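The structure file my_file_38.tsv is reproduced below (TSV, C-alpha atoms).
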chain	number	residue	atom	x	y	z
A	198	MET	CA	-83.58	-68.89	-53.47
A	199	ARG	CA	-81.89	-65.49	-53.39
A	200	ASP	CA	-82.08	-65.27	-57.15
A	201	THR	CA	-85.80	-65.93	-57.02
A	202	ALA	CA	-86.30	-63.28	-54.35
A	203	ALA	CA	-84.25	-60.77	-56.35
A	204	ALA	CA	-86.28	-61.59	-59.47
A	205	VAL	CA	-89.56	-61.12	-57.59
A	206	VAL	CA	-88.42	-57.79	-56.15
A	207	GLU	CA	-87.31	-56.57	-59.58
A	208	PHE	CA	-90.58	-57.72	-61.15
A	209	ALA	CA	-92.62	-55.93	-58.51
A	210	GLY	CA	-90.48	-52.82	-58.83
A	211	TRP	CA	-90.94	-52.58	-62.58
A	212	TRP	CA	-94.69	-53.26	-62.26
A	213	LEU	CA	-95.18	-50.56	-59.65
A	214	ALA	CA	-93.08	-48.04	-61.57
A	215	LEU	CA	-94.89	-48.67	-64.85
A	216	GLY	CA	-98.26	-48.65	-63.09
A	217	ALA	CA	-97.44	-45.33	-61.46
A	218	LEU	CA	-96.41	-43.94	-64.83
A	219	TRP	CA	-99.73	-45.14	-66.27
A	220	LEU	CA	-101.70	-43.45	-63.49
A	221	LEU	CA	-99.68	-40.28	-64.00
A	222	LEU	CA	-100.31	-40.04	-67.70
A	223	ILE	CA	-103.98	-41.02	-68.10
A	224	GLY	CA	-106.78	-38.47	-68.04
A	225	SER	CA	-109.17	-39.77	-65.41
A	226	VAL	CA	-108.69	-42.50	-62.84
A	227	ASP	CA	-111.41	-45.09	-62.32
A	228	GLY	CA	-111.64	-48.85	-61.77
A	229	LEU	CA	-111.33	-49.84	-65.41
A	230	GLU	CA	-108.23	-47.68	-65.83
A	231	LEU	CA	-106.61	-49.41	-62.87
A	232	LEU	CA	-107.31	-52.82	-64.39
A	233	VAL	CA	-106.01	-51.82	-67.79
A	234	GLY	CA	-102.96	-50.22	-66.22
A	235	ALA	CA	-102.22	-53.37	-64.22
A	236	GLY	CA	-102.50	-55.57	-67.29
A	237	VAL	CA	-100.45	-53.33	-69.54
A	238	GLY	CA	-97.94	-52.85	-66.75
A	239	LEU	CA	-97.57	-56.60	-66.55
A	240	LEU	CA	-96.70	-56.82	-70.24
A	241	GLY	CA	-94.32	-53.91	-69.90
A	242	THR	CA	-92.66	-55.51	-66.88
A	243	VAL	CA	-91.99	-58.73	-68.78
A	244	ALA	CA	-90.51	-56.76	-71.66
A	245	ALA	CA	-88.47	-54.48	-69.39
A	246	ARG	CA	-87.00	-57.38	-67.45
A	247	ALA	CA	-86.11	-59.20	-70.64
A	248	ALA	CA	-84.45	-56.06	-72.01
A	249	ARG	CA	-82.49	-55.46	-68.83
A	250	ARG	CA	-81.26	-59.02	-68.74
A	251	ALA	CA	-80.31	-58.87	-72.41
A	252	VAL	CA	-78.27	-55.70	-71.83
A	253	ASP	CA	-76.64	-56.90	-68.62
A	254	GLU	CA	-75.60	-60.25	-70.00
A	255	ARG	CA	-74.31	-58.92	-73.33
B	19	MET	CA	-106.37	-15.02	-78.68
B	20	ASN	CA	-104.92	-15.38	-75.20
B	21	GLY	CA	-101.42	-15.23	-73.80
B	22	TRP	CA	-100.75	-18.93	-74.26
B	23	LEU	CA	-101.62	-18.82	-77.94
B	24	ALA	CA	-99.52	-15.71	-78.39
B	25	ALA	CA	-96.58	-17.43	-76.73
B	26	ALA	CA	-97.05	-20.47	-78.95
B	27	ALA	CA	-97.20	-18.26	-82.02
B	28	ALA	CA	-94.02	-16.46	-80.96
B	29	LEU	CA	-92.29	-19.78	-80.35
B	30	LEU	CA	-93.31	-21.08	-83.74
B	31	ALA	CA	-92.39	-17.92	-85.63
B	32	CYS	CA	-89.14	-17.08	-83.86
B	33	GLY	CA	-88.06	-20.60	-82.95
B	34	VAL	CA	-89.39	-23.27	-85.25
B	35	GLY	CA	-89.13	-21.07	-88.37
B	36	PRO	CA	-85.38	-20.44	-88.05
B	37	THR	CA	-84.67	-24.00	-86.96
B	38	LEU	CA	-86.55	-25.37	-89.97
B	39	TRP	CA	-84.41	-23.13	-92.14
B	40	GLY	CA	-81.39	-24.51	-90.32
B	41	VAL	CA	-82.60	-28.05	-91.06
B	42	ALA	CA	-83.02	-27.28	-94.75
B	43	THR	CA	-79.77	-25.44	-95.44
B	44	GLY	CA	-76.19	-25.59	-94.42
B	45	PRO	CA	-73.73	-28.32	-93.51
B	46	VAL	CA	-74.84	-31.61	-92.03
B	47	ARG	CA	-73.56	-30.79	-88.58
B	48	ARG	CA	-75.85	-27.77	-88.36
B	49	ARG	CA	-78.82	-29.60	-89.81
B	50	VAL	CA	-78.89	-32.41	-87.29
B	51	VAL	CA	-78.51	-30.00	-84.38
B	52	ALA	CA	-81.32	-27.89	-85.85
B	53	GLN	CA	-83.49	-31.01	-86.13
B	54	ASN	CA	-82.86	-31.75	-82.48
B	55	THR	CA	-83.79	-28.22	-81.45
B	56	ALA	CA	-86.81	-28.13	-83.74
B	57	THR	CA	-88.43	-31.17	-82.12
B	58	LEU	CA	-87.97	-29.59	-78.71
B	59	LEU	CA	-89.46	-26.26	-79.81
B	60	VAL	CA	-92.44	-27.94	-81.48
B	61	CYS	CA	-93.08	-29.94	-78.31
B	62	LEU	CA	-93.03	-26.78	-76.20
B	63	ALA	CA	-95.34	-25.04	-78.68
B	64	THR	CA	-97.75	-27.99	-78.49
B	65	LEU	CA	-97.82	-27.72	-74.70
B	66	LEU	CA	-98.63	-24.02	-74.97
B	67	LEU	CA	-101.34	-24.70	-77.53
B	68	ALA	CA	-102.85	-27.35	-75.26
B	69	GLN	CA	-103.25	-24.72	-72.58
B	70	GLY	CA	-104.33	-22.02	-75.01
B	71	TYR	CA	-107.07	-24.07	-76.62
B	72	ASP	CA	-107.90	-25.78	-73.31
B	73	ARG	CA	-107.59	-29.26	-74.84
B	74	SER	CA	-105.72	-31.63	-72.58
B	75	SER	CA	-105.35	-34.22	-75.35
B	76	TYR	CA	-102.70	-32.07	-77.01
B	77	VAL	CA	-100.48	-32.75	-74.00
B	78	ASP	CA	-100.37	-36.38	-75.09
B	79	VAL	CA	-99.13	-35.23	-78.51
B	80	ALA	CA	-96.34	-33.36	-76.75
B	81	LEU	CA	-95.56	-36.44	-74.67
B	82	VAL	CA	-95.21	-38.65	-77.74
B	83	LEU	CA	-93.07	-36.01	-79.44
B	84	ALA	CA	-90.85	-35.70	-76.36
B	85	VAL	CA	-90.10	-39.42	-76.66
B	86	LEU	CA	-89.90	-39.77	-80.43
B	87	GLY	CA	-88.02	-36.53	-81.19
B	88	PRO	CA	-84.75	-37.52	-79.51
B	89	ALA	CA	-85.17	-41.04	-80.85
B	90	GLY	CA	-85.35	-39.56	-84.35
B	91	THR	CA	-82.21	-37.53	-83.72
B	92	LEU	CA	-80.43	-40.70	-82.62
B	93	VAL	CA	-81.54	-42.38	-85.85
B	94	TYR	CA	-80.07	-39.49	-87.84
B	95	ALA	CA	-76.88	-39.69	-85.81
B	96	ARG	CA	-76.62	-43.34	-86.74
B	97	LEU	CA	-77.41	-42.90	-90.44
B	98	LEU	CA	-75.19	-39.84	-90.88
B	99	ALA	CA	-72.32	-41.17	-88.79
B	100	GLU	CA	-69.76	-40.87	-91.56
B	101	ASP	CA	-70.65	-37.30	-92.45
B	102	LEU	CA	-70.69	-36.35	-88.78
B	103	LYS	CA	-67.37	-38.03	-88.18
B	104	ALA	CA	-65.79	-35.83	-90.85
B	105	ALA	CA	-67.34	-32.69	-89.37
B	106	PRO	CA	-68.85	-33.15	-85.92
B	107	PRO	CA	-71.13	-30.49	-84.47
B	108	THR	CA	-69.37	-28.22	-82.04
B	109	GLY	CA	-70.66	-25.83	-79.46
B	110	ARG	CA	-73.43	-26.41	-76.96
B	111	ALA	CA	-75.50	-23.28	-77.50
B	112	GLY	CA	-78.44	-25.28	-78.76
B	113	THR	CA	-78.43	-27.60	-75.76
B	114	TRP	CA	-78.12	-24.80	-73.23
B	115	ALA	CA	-80.87	-22.83	-74.94
B	116	ALA	CA	-83.12	-25.87	-74.77
B	117	VAL	CA	-82.32	-26.47	-71.12
B	118	ALA	CA	-83.10	-22.83	-70.34
B	119	LEU	CA	-86.25	-22.53	-72.45
B	120	THR	CA	-88.02	-25.66	-71.21
B	121	PRO	CA	-88.54	-24.52	-67.61
B	122	LEU	CA	-89.65	-21.09	-68.87
B	123	VAL	CA	-92.50	-22.81	-70.66
B	124	VAL	CA	-93.23	-25.74	-68.36
B	125	VAL	CA	-93.32	-23.91	-65.01
B	126	PRO	CA	-96.03	-21.37	-65.98
B	127	LEU	CA	-98.04	-24.21	-67.49
B	128	CYS	CA	-97.75	-26.18	-64.24
B	129	VAL	CA	-98.86	-23.13	-62.29
B	130	ALA	CA	-101.83	-22.70	-64.61
B	131	ALA	CA	-102.74	-26.38	-64.33
B	132	GLY	CA	-102.74	-26.21	-60.56
B	133	PRO	CA	-101.48	-28.90	-58.19
B	134	GLY	CA	-102.39	-32.38	-59.31
B	135	ARG	CA	-101.64	-35.08	-61.82
B	136	ALA	CA	-101.77	-32.70	-64.77
B	137	ALA	CA	-98.91	-30.64	-63.35
B	138	LEU	CA	-96.91	-33.82	-62.65
B	139	LYS	CA	-97.48	-34.92	-66.23
B	140	LEU	CA	-96.20	-31.56	-67.50
B	141	LEU	CA	-93.13	-31.82	-65.27
B	142	ALA	CA	-92.48	-35.34	-66.56
B	143	ILE	CA	-92.70	-34.10	-70.15
B	144	GLY	CA	-90.33	-31.24	-69.35
B	145	ALA	CA	-87.83	-33.63	-67.80
B	146	LEU	CA	-88.11	-35.93	-70.82
B	147	LEU	CA	-87.49	-32.99	-73.13
B	148	VAL	CA	-84.34	-31.82	-71.37
B	149	ALA	CA	-82.94	-35.32	-70.88
B	150	GLY	CA	-83.74	-36.37	-74.44
B	151	ASN	CA	-82.21	-33.22	-75.88
B	152	MET	CA	-79.00	-33.66	-73.91
B	153	VAL	CA	-78.70	-37.36	-74.76
B	154	ALA	CA	-79.32	-36.73	-78.45
B	155	ALA	CA	-76.89	-33.78	-78.56
B	156	ARG	CA	-74.21	-35.89	-76.91
B	157	ALA	CA	-74.82	-38.67	-79.42
B	158	LEU	CA	-74.50	-36.20	-82.29
B	159	ARG	CA	-71.17	-34.91	-81.01
B	160	GLY	CA	-69.82	-38.43	-80.68
B	161	ALA	CA	-71.60	-40.06	-83.60
B	162	GLY	CA	-68.69	-40.73	-85.88
B	163	ARG	CA	-66.13	-41.72	-83.32
B	164	THR	CA	-64.78	-45.23	-83.48
B	165	ASP	CA	-62.74	-45.12	-80.28
B	166	CYS	CA	-64.02	-45.84	-76.83
B	167	GLU	CA	-64.78	-42.21	-75.97
B	168	GLY	CA	-68.29	-40.98	-76.45
B	169	ALA	CA	-69.68	-44.11	-74.86
B	170	GLY	CA	-73.27	-44.54	-73.88
B	171	PRO	CA	-75.54	-42.79	-76.36
B	172	ALA	CA	-72.86	-42.81	-79.06
B	173	GLU	CA	-72.55	-46.55	-78.63
B	174	ALA	CA	-76.26	-46.88	-78.93
B	175	ALA	CA	-76.25	-44.66	-82.01
B	176	ARG	CA	-73.66	-46.84	-83.66
B	177	GLY	CA	-75.81	-49.85	-82.85
Step by step, read the file and then write its structure as structure tokens.
Amino acid sequence: MRDTAAAVVEFAGWWLALGALWLLLIGSVDGLELLVGAGVGLLGTVAARAARRAVDER
Amino acid sequence: MNGWLAAAAALLACGVGPTLWGVATGPVRRRVVAQNTATLLVCLATLLLAQGYDRSSYVDVALVLAVLGPAGTLVYARLLAEDLKAAPPTGRAGTWAAVALTPLVVVPLCVAAGPGRAALKLLAIGALLVAGNMVAARALRGAGRTDCEGAGPAEAARG
């Protein structure tokens, strides 16, 4: 249960950080950009979590 | 011709020109350090040109270069590990110059951009430049070592 909670917190943390980075770096902010940022952030979060786990468990 | 373009021209002539010469001639240890400095100077020049020509898309070019430049230096550190082990680069003048020059360029650009996301983006690029330059320089100094010192970036450079 605690592992699941930690995983959810980490997932949300990565998603928010990557989404904030997206919003920082794009030119103009509108609804479509938010959607694209959320989707791309999701992909990035999956990759980032996999990379972190690969490095930690090496 | 405005001040930003003049500054970019000065940076290219007095900075990138000599560093390109340093990349093309001399021992390996000078060439990799010159490559590291050259990517930083070109990135700063691109930021100045973005402001001079008033084209915000050039800032994205600088952002990509700020990420890929140090990555390229790490690749060179890995490929030239044997040569660098025989003669590692010494001295940190290049790194300190980079650390000093980046705020001199980024802060006026942030002031010109005004408060907002554009200024934050410039600050992020400046931070990436300094951090990337320091990480890559540290990897170059420790590239050829086989002992446990020079951990972190050197470990990553050795793969």
>> Between atom CA of B:Ala89 and atom CA of B:Lys103, what is the distance in Å, rounded to a tenth?
In response: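 It comes out at 19.5 Å.
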Quick one: everything within 10 Å of B:Met152, counting only C-alpha atoms, minus sequence neighbours fewer than 2 positions away in the same chain. Send it as a PDB file with C-alpha atoms, in the frame of the given file.
ATOM      1  CA  ASN B  54     -82.860 -31.750 -82.480  1.00  0.00           C
ATOM      2  CA  PRO B  88     -84.750 -37.520 -79.510  1.00  0.00           C
ATOM      3  CA  ARG B 110     -73.430 -26.410 -76.960  1.00  0.00           C
ATOM      4  CA  GLY B 112     -78.440 -25.280 -78.760  1.00  0.00           C
ATOM      5  CA  THR B 113     -78.430 -27.600 -75.760  1.00  0.00           C
ATOM      6  CA  TRP B 114     -78.120 -24.800 -73.230  1.00  0.00           C
ATOM      7  CA  ALA B 116     -83.120 -25.870 -74.770  1.00  0.00           C
ATOM      8  CA  VAL B 117     -82.320 -26.470 -71.120  1.00  0.00           C
ATOM      9  CA  LEU B 146     -88.110 -35.930 -70.820  1.00  0.00           C
ATOM     10  CA  LEU B 147     -87.490 -32.990 -73.130  1.00  0.00           C
ATOM     11  CA  VAL B 148     -84.340 -31.820 -71.370  1.00  0.00           C
ATOM     12  CA  ALA B 149     -82.940 -35.320 -70.880  1.00  0.00           C
ATOM     13  CA  GLY B 150     -83.740 -36.370 -74.440  1.00  0.00           C
ATOM     14  CA  ALA B 154     -79.320 -36.730 -78.450  1.00  0.00           C
ATOM     15  CA  ALA B 155     -76.890 -33.780 -78.560  1.00  0.00           C
ATOM     16  CA  ARG B 156     -74.210 -35.890 -76.910  1.00  0.00           C
ATOM     17  CA  ALA B 157     -74.820 -38.670 -79.420  1.00  0.00           C
ATOM     18  CA  LEU B 158     -74.500 -36.200 -82.290  1.00  0.00           C
TER      19      LEU B 158
END
Sort by chain and increasing residue number a table of all residues of chain B within 8 Å of chain A, each with its closest pair of atoms and their distance in Å to one decimal, counting only C-alpha atoms, and write it as a tab-separated table.
residue	atom	partner	partner_atom	distance
B:Arg135	CA	A:Leu221	CA	6.0
B:Ala136	CA	A:Leu221	CA	7.9
B:Leu138	CA	A:Leu221	CA	7.2
B:Lys139	CA	A:Leu222	CA	6.0
> So which residues touch stretch 247-250 of chain A within 12 Å, counting only C-alpha atoms, skipping near sequence neighbours fewer than 4 positions away, as an NGL selection string?
Replying inline: :A and (204 or 207-208 or 211 or 240-243 or 254-255)
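Distances from B:Ala42, B:Leu29, B:Val153, B:Ala52 to B:Pro107 were compared using all atoms listed in the file, and the smallest one belongs to B:Ala52.
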> How many Å lie between atom CA of B:Val123 and atom CA of B:Ala63, rounded to one decimal?
Replying inline: 8.8 Å
>> as a ChimeraX atom specification, please: the residues near A:Ala235 (cut-off 10 Å, all atoms listed in the file, same-chain neighbours under 2 positions excluded).
In response: /A:212-213,215-217,219-220,229-233,237-241
> Hey, can you check how far atom CA of B:Gly70 sits from atom CA of B:Ala56?
Replying inline: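 Atom-to-atom, atom CA of B:Gly70 to atom CA of B:Ala56, that is 20.5 Å.
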>> Between B:Met19, B:Leu38, B:Leu140, B:Ala31, which residue has the minimum interatomic distance to B:Leu81, considering only C-alpha atoms?
In response: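 The shortest atom-to-atom distance to B:Leu81 comes from B:Leu140.
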> When distances are computed from only C-alpha atoms, which of B:Val51, B:Ala137, B:Val60, B:Leu67 shows the smallest separation from B:Ala24?
Replying inline: B:Leu67
